[in-house]
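The file target-v2.cif comes next; it holds mmCIF, C-alpha atoms.
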data_work
loop_
_atom_site.group_PDB
_atom_site.id
_atom_site.type_symbol
_atom_site.label_atom_id
_atom_site.label_comp_id
_atom_site.auth_asym_id
_atom_site.auth_seq_id
_atom_site.Cartn_x
_atom_site.Cartn_y
_atom_site.Cartn_z
ATOM 1 C CA MET A 21 134.623 -46.733 35.518
ATOM 2 C CA ASN A 22 133.176 -50.197 35.061
ATOM 3 C CA THR A 23 131.862 -50.199 38.618
ATOM 4 C CA GLU A 24 129.653 -47.228 37.748
ATOM 5 C CA SER A 25 128.291 -48.493 34.435
ATOM 6 C CA LEU A 26 124.669 -49.490 33.915
ATOM 7 C CA ALA A 27 124.049 -53.174 33.213
ATOM 8 C CA GLN A 28 121.301 -53.419 30.594
ATOM 9 C CA ARG A 29 120.237 -56.793 31.944
ATOM 10 C CA TYR A 30 118.981 -55.256 35.184
ATOM 11 C CA ARG A 31 117.233 -52.105 33.917
ATOM 12 C CA ASP A 32 113.818 -53.523 34.815
ATOM 13 C CA LEU A 33 114.949 -55.028 38.114
ATOM 14 C CA ASP A 34 112.198 -53.238 40.015
ATOM 15 C CA LEU A 35 109.628 -55.147 37.939
ATOM 16 C CA TRP A 36 111.130 -58.586 38.589
ATOM 17 C CA PRO A 37 109.671 -61.006 41.131
ATOM 18 C CA THR A 38 111.623 -60.586 44.366
ATOM 19 C CA GLU A 39 113.050 -64.092 44.269
ATOM 20 C CA LEU A 40 114.508 -63.529 40.793
ATOM 21 C CA ALA A 41 115.973 -60.210 41.921
ATOM 22 C CA VAL A 42 117.597 -61.875 44.915
ATOM 23 C CA GLU A 43 118.966 -64.646 42.689
ATOM 24 C CA ALA A 44 120.465 -62.022 40.378
ATOM 25 C CA MET A 45 122.084 -60.228 43.305
ATOM 26 C CA LEU A 46 123.477 -63.508 44.635
ATOM 27 C CA GLU A 47 124.887 -64.273 41.204
ATOM 28 C CA GLY A 48 126.685 -60.927 41.374
ATOM 29 C CA GLN A 49 128.113 -61.736 44.801
ATOM 30 C CA MET A 50 129.454 -65.065 43.559
ATOM 31 C CA ALA A 51 131.003 -63.364 40.533
ATOM 32 C CA ALA A 52 132.672 -60.846 42.842
ATOM 33 C CA ILE A 53 134.403 -63.600 44.782
ATOM 34 C CA ALA A 54 135.453 -65.367 41.587
ATOM 35 C CA ALA A 55 137.018 -62.120 40.347
ATOM 36 C CA ILE A 56 139.586 -62.306 43.163
ATOM 37 C CA GLN A 57 141.238 -65.445 41.761
ATOM 38 C CA PRO A 58 143.610 -63.626 39.355
ATOM 39 C CA GLN A 59 144.877 -61.512 42.259
ATOM 40 C CA THR A 60 145.978 -64.242 44.671
ATOM 41 C CA ALA A 61 149.654 -63.804 43.758
ATOM 42 C CA ALA A 62 149.391 -60.033 44.254
ATOM 43 C CA ILE A 63 147.699 -60.521 47.634
ATOM 44 C CA ALA A 64 150.392 -62.988 48.711
ATOM 45 C CA ALA A 65 153.193 -60.658 47.612
ATOM 46 C CA ALA A 66 151.628 -57.775 49.534
ATOM 47 C CA ALA A 67 151.233 -59.962 52.643
ATOM 48 C CA ASP A 68 154.853 -61.139 52.533
ATOM 49 C CA ALA A 69 156.136 -57.593 52.103
ATOM 50 C CA ALA A 70 153.860 -56.284 54.854
ATOM 51 C CA ALA A 71 154.905 -58.951 57.355
ATOM 52 C CA ALA A 72 158.564 -58.231 56.657
ATOM 53 C CA ARG A 73 158.040 -54.486 57.036
ATOM 54 C CA LEU A 74 155.955 -54.612 60.213
ATOM 55 C CA GLY A 75 158.546 -56.549 62.192
ATOM 56 C CA GLU A 76 158.194 -55.969 65.916
ATOM 57 C CA HIS A 77 157.139 -52.333 65.950
ATOM 58 C CA GLY A 78 155.443 -51.315 62.676
ATOM 59 C CA ARG A 79 151.782 -50.407 62.433
ATOM 60 C CA LEU A 80 149.086 -51.640 60.100
ATOM 61 C CA ILE A 81 147.112 -48.609 58.931
ATOM 62 C CA PHE A 82 143.903 -48.647 56.889
ATOM 63 C CA ALA A 83 142.665 -45.701 54.833
ATOM 64 C CA GLY A 84 139.384 -45.305 52.977
ATOM 65 C CA ALA A 85 136.095 -43.512 52.522
ATOM 66 C CA GLY A 86 132.476 -44.645 52.645
ATOM 67 C CA THR A 87 131.824 -48.352 52.259
ATOM 68 C CA SER A 88 135.464 -49.090 51.484
ATOM 69 C CA GLY A 89 136.649 -47.358 54.641
ATOM 70 C CA ARG A 90 134.040 -49.084 56.792
ATOM 71 C CA LEU A 91 135.043 -52.492 55.468
ATOM 72 C CA ALA A 92 138.690 -51.742 56.204
ATOM 73 C CA VAL A 93 137.873 -50.722 59.772
ATOM 74 C CA GLN A 94 135.795 -53.856 60.254
ATOM 75 C CA ASP A 95 138.624 -56.078 59.097
ATOM 76 C CA GLY A 96 141.308 -54.293 61.091
ATOM 77 C CA THR A 97 139.442 -54.219 64.387
ATOM 78 C CA GLU A 98 139.126 -57.999 64.318
ATOM 79 C CA LEU A 99 142.894 -58.520 64.285
ATOM 80 C CA THR A 100 143.323 -57.827 68.000
ATOM 81 C CA PRO A 101 140.869 -60.403 69.391
ATOM 82 C CA THR A 102 141.652 -62.954 66.680
ATOM 83 C CA PHE A 103 145.428 -62.744 66.498
ATOM 84 C CA GLY A 104 146.408 -60.727 69.539
ATOM 85 C CA TRP A 105 147.608 -57.890 67.302
ATOM 86 C CA PRO A 106 148.337 -54.925 69.618
ATOM 87 C CA PRO A 107 145.721 -52.178 69.223
ATOM 88 C CA GLU A 108 148.465 -49.554 69.447
ATOM 89 C CA ARG A 109 149.857 -51.031 66.224
ATOM 90 C CA LEU A 110 146.609 -50.349 64.366
ATOM 91 C CA ALA A 111 145.332 -47.084 62.931
ATOM 92 C CA PHE A 112 142.223 -46.217 60.915
ATOM 93 C CA LEU A 113 142.080 -43.208 58.626
ATOM 94 C CA MET A 114 138.474 -42.680 57.618
ATOM 95 C CA ALA A 115 137.296 -39.822 55.426
ATOM 96 C CA GLY A 116 135.044 -37.703 57.610
ATOM 97 C CA GLY A 117 136.480 -39.228 60.789
ATOM 98 C CA LEU A 118 135.327 -42.301 62.659
ATOM 99 C CA ASP A 119 131.841 -40.790 62.945
ATOM 100 C CA ALA A 120 131.523 -41.734 59.276
ATOM 101 C CA LEU A 121 131.345 -45.380 60.349
ATOM 102 C CA THR A 122 127.713 -44.919 61.328
ATOM 103 C CA GLN A 123 126.722 -41.685 59.594
ATOM 104 C CA ALA A 124 127.546 -41.189 55.922
ATOM 105 C CA GLN A 125 129.913 -38.297 55.192
ATOM 106 C CA GLU A 126 129.824 -38.534 51.418
ATOM 107 C CA GLY A 127 131.556 -35.237 50.639
ATOM 108 C CA ALA A 128 134.549 -36.127 52.813
ATOM 109 C CA GLU A 129 135.926 -38.512 50.192
ATOM 110 C CA ASP A 130 136.796 -35.557 47.931
ATOM 111 C CA GLU A 131 139.091 -33.929 50.505
ATOM 112 C CA SER A 132 142.639 -34.682 49.388
ATOM 113 C CA ASP A 133 144.105 -32.353 51.988
ATOM 114 C CA ALA A 134 142.355 -34.310 54.717
ATOM 115 C CA GLY A 135 143.936 -37.540 53.464
ATOM 116 C CA ARG A 136 147.403 -36.032 53.604
ATOM 117 C CA ALA A 137 146.708 -34.473 57.005
ATOM 118 C CA ALA A 138 145.561 -37.834 58.384
ATOM 119 C CA ILE A 139 148.865 -39.450 57.389
ATOM 120 C CA ASP A 140 150.802 -36.586 58.959
ATOM 121 C CA ALA A 141 148.742 -36.748 62.154
ATOM 122 C CA ALA A 142 149.346 -40.493 62.397
ATOM 123 C CA GLN A 143 153.093 -39.826 62.110
ATOM 124 C CA VAL A 144 153.497 -42.536 59.507
ATOM 125 C CA THR A 145 157.051 -43.832 59.078
ATOM 126 C CA ALA A 146 158.958 -46.370 57.014
ATOM 127 C CA ALA A 147 158.110 -49.021 59.633
ATOM 128 C CA ASP A 148 154.409 -48.846 58.805
ATOM 129 C CA VAL A 149 152.151 -50.507 56.243
ATOM 130 C CA VAL A 150 149.283 -48.421 54.851
ATOM 131 C CA VAL A 151 146.396 -50.132 53.033
ATOM 132 C CA GLY A 152 144.157 -47.887 50.939
ATOM 133 C CA VAL A 153 140.793 -49.167 49.714
ATOM 134 C CA ALA A 154 138.615 -47.513 47.055
ATOM 135 C CA ALA A 155 136.217 -49.188 44.639
ATOM 136 C CA SER A 156 136.707 -46.449 42.048
ATOM 137 C CA GLY A 157 140.469 -46.505 42.443
ATOM 138 C CA ARG A 158 140.558 -42.723 42.403
ATOM 139 C CA THR A 159 138.904 -41.482 45.617
ATOM 140 C CA PRO A 160 140.808 -38.257 46.388
ATOM 141 C CA TYR A 161 141.053 -38.797 50.174
ATOM 142 C CA THR A 162 142.387 -42.338 49.846
ATOM 143 C CA LEU A 163 144.688 -41.568 46.937
ATOM 144 C CA ALA A 164 146.219 -38.601 48.767
ATOM 145 C CA ALA A 165 146.725 -40.721 51.900
ATOM 146 C CA ILE A 166 148.534 -43.438 49.967
ATOM 147 C CA GLU A 167 150.719 -40.959 48.088
ATOM 148 C CA ARG A 168 151.653 -39.191 51.331
ATOM 149 C CA ALA A 169 152.339 -42.478 53.118
ATOM 150 C CA ARG A 170 154.577 -43.697 50.316
ATOM 151 C CA GLY A 171 156.423 -40.388 50.423
ATOM 152 C CA ALA A 172 157.010 -40.987 54.137
ATOM 153 C CA GLY A 173 158.609 -44.337 53.309
ATOM 154 C CA ALA A 174 155.738 -46.584 54.396
ATOM 155 C CA LEU A 175 154.892 -49.746 52.489
ATOM 156 C CA THR A 176 151.653 -49.081 50.599
ATOM 157 C CA VAL A 177 148.939 -51.422 49.360
ATOM 158 C CA GLY A 178 146.084 -50.275 47.124
ATOM 159 C CA ILE A 179 142.845 -52.235 46.698
ATOM 160 C CA ALA A 180 140.535 -51.124 43.874
ATOM 161 C CA ASN A 181 137.858 -52.487 41.547
ATOM 162 C CA ASN A 182 138.772 -50.605 38.362
ATOM 163 C CA ALA A 183 141.934 -51.284 36.397
ATOM 164 C CA GLY A 184 144.396 -48.583 35.417
ATOM 165 C CA THR A 185 143.345 -46.179 38.160
ATOM 166 C CA SER A 186 145.418 -43.751 40.209
ATOM 167 C CA LEU A 187 145.341 -45.689 43.477
ATOM 168 C CA LEU A 188 146.813 -48.753 41.796
ATOM 169 C CA THR A 189 149.597 -46.638 40.303
ATOM 170 C CA ALA A 190 150.340 -44.870 43.580
ATOM 171 C CA ALA A 191 150.613 -48.004 45.732
ATOM 172 C CA GLU A 192 153.671 -50.242 45.707
ATOM 173 C CA HIS A 193 151.418 -53.282 45.900
ATOM 174 C CA PRO A 194 148.302 -52.812 43.723
ATOM 175 C CA ILE A 195 145.460 -55.315 44.029
ATOM 176 C CA CYS A 196 142.759 -54.868 41.389
ATOM 177 C CA VAL A 197 139.591 -56.959 41.539
ATOM 178 C CA GLU A 198 137.521 -56.081 38.488
ATOM 179 C CA THR A 199 133.967 -56.721 39.624
ATOM 180 C CA GLY A 200 132.384 -54.737 36.771
ATOM 181 C CA SER A 201 128.932 -53.183 36.785
ATOM 182 C CA GLU A 202 126.622 -53.680 39.740
ATOM 183 C CA VAL A 203 123.124 -55.137 39.670
ATOM 184 C CA ILE A 204 122.061 -51.680 40.840
ATOM 185 C CA ALA A 205 124.255 -49.246 38.940
ATOM 186 C CA GLY A 206 126.893 -47.581 41.081
ATOM 187 C CA SER A 207 125.996 -49.405 44.297
ATOM 188 C CA THR A 208 129.537 -50.541 45.054
ATOM 189 C CA ARG A 209 128.477 -51.684 48.522
ATOM 190 C CA MET A 210 127.411 -54.844 46.673
ATOM 191 C CA LYS A 211 129.794 -56.669 44.310
ATOM 192 C CA ALA A 212 132.750 -54.341 44.805
ATOM 193 C CA GLY A 213 132.220 -54.262 48.562
ATOM 194 C CA THR A 214 132.031 -58.046 48.774
ATOM 195 C CA ALA A 215 135.288 -58.388 46.855
ATOM 196 C CA GLN A 216 136.983 -55.759 49.029
ATOM 197 C CA LYS A 217 135.909 -57.519 52.235
ATOM 198 C CA ALA A 218 137.252 -60.827 50.974
ATOM 199 C CA VAL A 219 140.555 -59.291 49.831
ATOM 200 C CA LEU A 220 141.003 -57.539 53.179
ATOM 201 C CA ASN A 221 140.317 -60.828 54.983
ATOM 202 C CA LEU A 222 142.838 -62.663 52.825
ATOM 203 C CA LEU A 223 145.492 -59.977 53.084
ATOM 204 C CA SER A 224 145.324 -59.377 56.827
ATOM 205 C CA THR A 225 145.064 -63.072 57.671
ATOM 206 C CA ALA A 226 148.038 -63.908 55.441
ATOM 207 C CA ILE A 227 150.037 -61.178 57.186
ATOM 208 C CA MET A 228 149.193 -62.652 60.584
ATOM 209 C CA VAL A 229 150.156 -66.134 59.386
ATOM 210 C CA ARG A 230 153.524 -64.878 58.096
ATOM 211 C CA LEU A 231 154.139 -63.131 61.413
ATOM 212 C CA GLY A 232 153.811 -66.470 63.199
ATOM 213 C CA LEU A 233 150.518 -65.761 64.946
ATOM 214 C CA VAL A 234 148.929 -68.973 63.671
ATOM 215 C CA TYR A 235 150.111 -72.486 64.567
ATOM 216 C CA ASP A 236 148.611 -75.850 63.711
ATOM 217 C CA GLY A 237 145.855 -74.012 61.872
ATOM 218 C CA ARG A 238 144.760 -72.370 65.118
ATOM 219 C CA MET A 239 144.536 -68.856 66.555
ATOM 220 C CA VAL A 240 147.164 -69.425 69.231
ATOM 221 C CA ALA A 241 147.664 -65.681 69.784
ATOM 222 C CA MET A 242 143.980 -64.852 70.266
ATOM 223 C CA ARG A 243 142.872 -62.931 73.328
ATOM 224 C CA ILE A 244 140.711 -64.902 75.744
ATOM 225 C CA SER A 245 137.804 -62.670 76.699
ATOM 226 C CA ASN A 246 134.880 -64.981 77.421
ATOM 227 C CA ALA A 247 133.984 -68.511 78.497
ATOM 228 C CA LYS A 248 133.827 -69.846 74.947
ATOM 229 C CA LEU A 249 137.330 -68.623 74.154
ATOM 230 C CA LEU A 250 138.653 -69.915 77.473
ATOM 231 C CA HIS A 251 137.383 -73.374 76.570
ATOM 232 C CA ARG A 252 138.945 -73.089 73.125
ATOM 233 C CA GLY A 253 142.233 -71.951 74.634
ATOM 234 C CA ARG A 254 142.366 -74.921 76.978
ATOM 235 C CA GLU A 255 141.726 -77.243 74.054
ATOM 236 C CA MET A 256 144.617 -75.685 72.129
ATOM 237 C CA VAL A 257 146.992 -76.129 75.058
ATOM 238 C CA ARG A 258 145.814 -79.705 75.528
ATOM 239 C CA ASP A 259 146.113 -80.722 71.877
ATOM 240 C CA ILE A 260 149.327 -78.890 70.955
ATOM 241 C CA ALA A 261 151.223 -79.654 74.161
ATOM 242 C CA GLY A 262 149.896 -83.212 74.314
ATOM 243 C CA VAL A 263 148.602 -83.092 77.890
ATOM 244 C CA ASP A 264 145.291 -83.923 79.532
ATOM 245 C CA ASP A 265 142.473 -81.464 80.218
ATOM 246 C CA ASP A 266 143.450 -80.729 83.826
ATOM 247 C CA ALA A 267 147.087 -80.081 82.974
ATOM 248 C CA ALA A 268 146.065 -77.818 80.112
ATOM 249 C CA ALA A 269 143.721 -75.805 82.355
ATOM 250 C CA ARG A 270 146.424 -75.405 85.023
ATOM 251 C CA ALA A 271 149.060 -74.342 82.500
ATOM 252 C CA LEU A 272 146.791 -71.806 80.860
ATOM 253 C CA ALA A 273 145.795 -70.328 84.219
ATOM 254 C CA ALA A 274 149.444 -70.096 85.278
ATOM 255 C CA ALA A 275 150.153 -68.309 82.001
ATOM 256 C CA ASP A 276 147.433 -65.731 82.718
ATOM 257 C CA ASN A 277 145.461 -67.097 79.771
ATOM 258 C CA ASP A 278 148.263 -66.505 77.256
ATOM 259 C CA ILE A 279 147.802 -69.561 75.046
ATOM 260 C CA ARG A 280 151.323 -69.704 73.646
ATOM 261 C CA VAL A 281 152.922 -69.330 77.054
ATOM 262 C CA GLY A 282 150.521 -71.950 78.409
ATOM 263 C CA ILE A 283 151.519 -74.418 75.692
ATOM 264 C CA VAL A 284 155.214 -74.009 76.427
ATOM 265 C CA MET A 285 154.628 -74.270 80.180
ATOM 266 C CA ALA A 286 152.591 -77.425 79.639
ATOM 267 C CA ARG A 287 155.679 -78.833 77.918
ATOM 268 C CA GLY A 288 157.585 -78.444 81.186
ATOM 269 C CA LEU A 289 159.114 -74.964 81.240
ATOM 270 C CA ALA A 290 158.652 -72.446 84.039
ATOM 271 C CA ARG A 291 156.782 -69.273 83.138
ATOM 272 C CA ASP A 292 159.847 -67.027 82.863
ATOM 273 C CA ALA A 293 161.663 -69.557 80.713
ATOM 274 C CA ALA A 294 158.597 -70.025 78.505
ATOM 275 C CA CYS A 295 158.259 -66.271 77.989
ATOM 276 C CA ALA A 296 161.957 -65.910 77.226
ATOM 277 C CA LEU A 297 161.883 -68.710 74.666
ATOM 278 C CA LEU A 298 158.876 -67.220 72.923
ATOM 279 C CA ALA A 299 160.461 -63.776 72.949
ATOM 280 C CA ALA A 300 163.598 -65.180 71.379
ATOM 281 C CA HIS A 301 161.469 -66.374 68.454
ATOM 282 C CA ARG A 302 159.280 -63.222 68.290
ATOM 283 C CA GLY A 303 156.268 -65.115 69.569
ATOM 284 C CA ASN A 304 156.344 -67.633 66.722
ATOM 285 C CA LEU A 305 155.328 -70.962 68.215
ATOM 286 C CA ARG A 306 156.596 -73.052 65.288
ATOM 287 C CA PRO A 307 160.353 -72.694 65.980
ATOM 288 C CA VAL A 308 159.655 -72.828 69.721
ATOM 289 C CA MET A 309 157.991 -76.232 69.393
ATOM 290 C CA GLN A 310 160.762 -77.432 67.114
ATOM 291 C CA GLU A 311 163.331 -76.425 69.727
ATOM 292 C CA LEU A 312 161.382 -78.154 72.490
ATOM 293 C CA ASP A 313 161.073 -81.314 70.390
ATOM 294 C CA GLY A 314 164.810 -81.194 69.788
ATOM 295 C CA ARG A 315 165.481 -81.014 73.500
ATOM 296 C CA GLY A 316 163.414 -84.113 74.051
#

Representation of the structure as structure tokens:
Amino acid sequence: MNTESLAQRYRDLDLWPTELAVEAMLEGQMAAIAAIQPQTAAIAAAADAAAARLGEHGRLIFAGAGTSGRLAVQDGTELTPTFGWPPERLAFLMAGGLDALTQAQEGAEDESDAGRAAIDAAQVTAADVVVGVAASGRTPYTLAAIERARGAGALTVGIANNAGTSLLTAAEHPICVETGSEVIAGSTRMKAGTAQKAVLNLLSTAIMVRLGLVYDGRMVAMRISNAKLLHRGREMVRDIAGVDDDAAARALAAADNDIRVGIVMARGLARDAACALLAAHRGNLRPVMQELDGRG
């Protein structure tokens, strides 16, 4: 595996001045991001397929071990506050259990049976999308989870950093970012981890965009949970609905801080009518605004 190989250039890294070592590590991080470029079409295809599969009831499920699993959990947990994605439509399958998020459970990644059992316990169906992440591309837990999920009819996505590996073969949508050897041999929390985090960000955000949870380049489905987000929500209602600050604040309050409902109410609809119109378009504000503009 290229991610495990020793780079001759860095064999004396411990003897380098710290600034040069940091510069070398930064160079590796930049190269990791650049390595994603050839995979943009694969990421887009996976996002389109995932959005179509998820529909109104499917779940987005992440599976992984070690650093890869932790990165997947980090990305997935941010979807609820950022895009209003229902937490009951998220699941995290982590080798060693969720305790492995803070305490390494290195041997757990070798447990294929545990990967299959996790898919069974989650009652994965054809409505779900399962994303498996493994730098090596052959982690037994993750590979077994993806194979089991695909057997259950779920849409599967595999993210790896070595070409021609089992995970990429097992998943319907393989995404391979070849980051090569690490500055510190085998430390895939570095280049490989950076690439995985970026790919997860791109994939999940593209899915949310395709599901209509972004409008006008803004997080119109976000959950308002603090004063900063309340201010941002009022600004969205004001700017998108084309009303003044006071009207935006009143509409958002009447909508119980649901930004999309507040926008439609600020355009003149009663709450029930606003909710019904949004429901008719599966919460996608774009066709809702087009319909409102057409009425005008």

Please, which residues in stretch 55-143 of chain A fall within 7 Å of stretch 216-222 of chain A when counting all atoms listed in the file, and what is the closest atom pair and distance in Å to one decimal for each, ordered by chain then residue number, as a tab-separated table?
residue	atom	partner	partner_atom	distance
A:Leu91	CA	A:Lys217	CA	6.0
A:Ala92	CA	A:Leu220	CA	6.9
A:Asp95	CA	A:Asn221	CA	6.5

Using only C-alpha atoms and a cutoff of 9 Å, can you tell me which residues are near (134.3, -51.1, 50.1) in the file's coordinates, and write them out as a compact mmCIF listing (two decimals) with C-alpha atoms, in the coordinates of the input?
# COMPACT_ATOMS: atom_id res chain seq x y z
CA GLY A 84 139.38 -45.30 52.98
CA ALA A 85 136.10 -43.51 52.52
CA GLY A 86 132.48 -44.64 52.64
CA THR A 87 131.82 -48.35 52.26
CA SER A 88 135.46 -49.09 51.48
CA GLY A 89 136.65 -47.36 54.64
CA ARG A 90 134.04 -49.08 56.79
CA LEU A 91 135.04 -52.49 55.47
CA ALA A 92 138.69 -51.74 56.20
CA VAL A 153 140.79 -49.17 49.71
CA ALA A 154 138.62 -47.51 47.06
CA ALA A 155 136.22 -49.19 44.64
CA ALA A 180 140.54 -51.12 43.87
CA THR A 208 129.54 -50.54 45.05
CA ARG A 209 128.48 -51.68 48.52
CA MET A 210 127.41 -54.84 46.67
CA ALA A 212 132.75 -54.34 44.80
CA GLY A 213 132.22 -54.26 48.56
CA THR A 214 132.03 -58.05 48.77
CA ALA A 215 135.29 -58.39 46.86
CA GLN A 216 136.98 -55.76 49.03
CA LYS A 217 135.91 -57.52 52.24

>> Under the rule that only C-alpha atoms are counted, which of A:Arg168, A:Arg29, A:Arg287, A:Lys211 is the nearest residue to A:Gly262?
In response: A:Arg287

>> Let me make sure I understand: among A:Thr162, A:Ser201, A:Asn277, A:Gln94, which one has the smallest atom-to-atom distance to A:Ala134 if we use all atoms listed in the file?
In response: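 Ranking A:Thr162, A:Ser201, A:Asn277, A:Gln94 by distance to A:Ala134, first place goes to A:Thr162.
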
> So how many Å separate atom CA of A:Gly152 and atom CA of A:Ala64, to one decimal?
Replying inline: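 Distance reported for this atom pair: 16.5 Å.
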
Report as a PDB file with C-alpha atoms, in the coordinates of the input the residues that result from applying the PyMOL selection byres ((chain A and resi 250-259) around 9) to the structure here.
ATOM      1  CA  ARG A 238     144.760 -72.370  65.118  1.00  0.00           C
ATOM      2  CA  MET A 239     144.536 -68.856  66.555  1.00  0.00           C
ATOM      3  CA  VAL A 240     147.164 -69.425  69.231  1.00  0.00           C
ATOM      4  CA  MET A 242     143.980 -64.852  70.266  1.00  0.00           C
ATOM      5  CA  ILE A 244     140.711 -64.902  75.744  1.00  0.00           C
ATOM      6  CA  SER A 245     137.804 -62.670  76.699  1.00  0.00           C
ATOM      7  CA  ASN A 246     134.880 -64.981  77.421  1.00  0.00           C
ATOM      8  CA  ALA A 247     133.984 -68.511  78.497  1.00  0.00           C
ATOM      9  CA  LYS A 248     133.827 -69.846  74.947  1.00  0.00           C
ATOM     10  CA  LEU A 249     137.330 -68.623  74.154  1.00  0.00           C
ATOM     11  CA  ILE A 260     149.327 -78.890  70.955  1.00  0.00           C
ATOM     12  CA  ALA A 261     151.223 -79.654  74.161  1.00  0.00           C
ATOM     13  CA  GLY A 262     149.896 -83.212  74.314  1.00  0.00           C
ATOM     14  CA  VAL A 263     148.602 -83.092  77.890  1.00  0.00           C
ATOM     15  CA  ASP A 264     145.291 -83.923  79.532  1.00  0.00           C
ATOM     16  CA  ASP A 265     142.473 -81.464  80.218  1.00  0.00           C
ATOM     17  CA  ASP A 266     143.450 -80.729  83.826  1.00  0.00           C
ATOM     18  CA  ALA A 267     147.087 -80.081  82.974  1.00  0.00           C
ATOM     19  CA  ALA A 268     146.065 -77.818  80.112  1.00  0.00           C
ATOM     20  CA  ALA A 269     143.721 -75.805  82.355  1.00  0.00           C
ATOM     21  CA  ALA A 271     149.060 -74.342  82.500  1.00  0.00           C
ATOM     22  CA  LEU A 272     146.791 -71.806  80.860  1.00  0.00           C
ATOM     23  CA  ASN A 277     145.461 -67.097  79.771  1.00  0.00           C
ATOM     24  CA  ASP A 278     148.263 -66.505  77.256  1.00  0.00           C
ATOM     25  CA  ILE A 279     147.802 -69.561  75.046  1.00  0.00           C
ATOM     26  CA  ARG A 280     151.323 -69.704  73.646  1.00  0.00           C
ATOM     27  CA  GLY A 282     150.521 -71.950  78.409  1.00  0.00           C
ATOM     28  CA  ILE A 283     151.519 -74.418  75.692  1.00  0.00           C
ATOM     29  CA  VAL A 284     155.214 -74.009  76.427  1.00  0.00           C
ATOM     30  CA  ALA A 286     152.591 -77.425  79.639  1.00  0.00           C
TER      31      ALA A 286
END

Would you write out, as a PDB file with C-alpha atoms, in the frame of the given file, every residue that the PyMOL selection byres ((chain A and resi 164) around 12) captures in this file?
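Output saved as selection-v8.pdb:
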ATOM      1  CA  ALA A  83     142.665 -45.701  54.833  1.00  0.00           C
ATOM      2  CA  GLY A  84     139.384 -45.305  52.977  1.00  0.00           C
ATOM      3  CA  ALA A  85     136.095 -43.512  52.522  1.00  0.00           C
ATOM      4  CA  LEU A 113     142.080 -43.208  58.626  1.00  0.00           C
ATOM      5  CA  ALA A 115     137.296 -39.822  55.426  1.00  0.00           C
ATOM      6  CA  GLU A 129     135.926 -38.512  50.192  1.00  0.00           C
ATOM      7  CA  ASP A 130     136.796 -35.557  47.931  1.00  0.00           C
ATOM      8  CA  GLU A 131     139.091 -33.929  50.505  1.00  0.00           C
ATOM      9  CA  SER A 132     142.639 -34.682  49.388  1.00  0.00           C
ATOM     10  CA  ASP A 133     144.105 -32.353  51.988  1.00  0.00           C
ATOM     11  CA  ALA A 134     142.355 -34.310  54.717  1.00  0.00           C
ATOM     12  CA  GLY A 135     143.936 -37.540  53.464  1.00  0.00           C
ATOM     13  CA  ARG A 136     147.403 -36.032  53.604  1.00  0.00           C
ATOM     14  CA  ALA A 137     146.708 -34.473  57.005  1.00  0.00           C
ATOM     15  CA  ALA A 138     145.561 -37.834  58.384  1.00  0.00           C
ATOM     16  CA  ILE A 139     148.865 -39.450  57.389  1.00  0.00           C
ATOM     17  CA  ASP A 140     150.802 -36.586  58.959  1.00  0.00           C
ATOM     18  CA  VAL A 150     149.283 -48.421  54.851  1.00  0.00           C
ATOM     19  CA  GLY A 152     144.157 -47.887  50.939  1.00  0.00           C
ATOM     20  CA  VAL A 153     140.793 -49.167  49.714  1.00  0.00           C
ATOM     21  CA  ALA A 154     138.615 -47.513  47.055  1.00  0.00           C
ATOM     22  CA  GLY A 157     140.469 -46.505  42.443  1.00  0.00           C
ATOM     23  CA  ARG A 158     140.558 -42.723  42.403  1.00  0.00           C
ATOM     24  CA  THR A 159     138.904 -41.482  45.617  1.00  0.00           C
ATOM     25  CA  PRO A 160     140.808 -38.257  46.388  1.00  0.00           C
ATOM     26  CA  TYR A 161     141.053 -38.797  50.174  1.00  0.00           C
ATOM     27  CA  THR A 162     142.387 -42.338  49.846  1.00  0.00           C
ATOM     28  CA  LEU A 163     144.688 -41.568  46.937  1.00  0.00           C
ATOM     29  CA  ALA A 165     146.725 -40.721  51.900  1.00  0.00           C
ATOM     30  CA  ILE A 166     148.534 -43.438  49.967  1.00  0.00           C
ATOM     31  CA  GLU A 167     150.719 -40.959  48.088  1.00  0.00           C
ATOM     32  CA  ARG A 168     151.653 -39.191  51.331  1.00  0.00           C
ATOM     33  CA  ALA A 169     152.339 -42.478  53.118  1.00  0.00           C
ATOM     34  CA  ARG A 170     154.577 -43.697  50.316  1.00  0.00           C
ATOM     35  CA  GLY A 171     156.423 -40.388  50.423  1.00  0.00           C
ATOM     36  CA  THR A 176     151.653 -49.081  50.599  1.00  0.00           C
ATOM     37  CA  GLY A 178     146.084 -50.275  47.124  1.00  0.00           C
ATOM     38  CA  SER A 186     145.418 -43.751  40.209  1.00  0.00           C
ATOM     39  CA  LEU A 187     145.341 -45.689  43.477  1.00  0.00           C
ATOM     40  CA  ALA A 190     150.340 -44.870  43.580  1.00  0.00           C
ATOM     41  CA  ALA A 191     150.613 -48.004  45.732  1.00  0.00           C
TER      42      ALA A 191
END

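Using all atoms listed in the file, the smallest distance between any of A:Thr185, A:Val203, A:Ala51, A:Asp292 and A:Asp32 comes from A:Val203.
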
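Residue selection for this entry, given the PyMOL selection byres ((chain A and resi 81) around 7), comprises Arg79, Leu80, Phe82, Ala83, Leu110, Ala111, Phe112, Val149, Val150 and Val151 of chain A.
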
Could you make a table, as a Markdown table, of the residues of stretch 225-257 of chain A that have an atom within 9 Å of an atom of stretch 297-308 of chain A, each with its nearest atom pair and distance in Å to one decimal, counting all atoms listed in the file, in chain and number order?
| residue | atom | partner | partner_atom | distance |
| --- | --- | --- | --- | --- |
| A:Leu231 | CA | A:Asn304 | CA | 7.3 |
| A:Gly232 | CA | A:Asn304 | CA | 4.5 |
| A:Leu233 | CA | A:Asn304 | CA | 6.4 |
| A:Val234 | CA | A:Leu305 | CA | 8.1 |
| A:Tyr235 | CA | A:Leu305 | CA | 6.5 |
| A:Asp236 | CA | A:Arg306 | CA | 8.6 |
| A:Val240 | CA | A:Leu305 | CA | 8.4 |
| A:Ala241 | CA | A:Gly303 | CA | 8.6 |
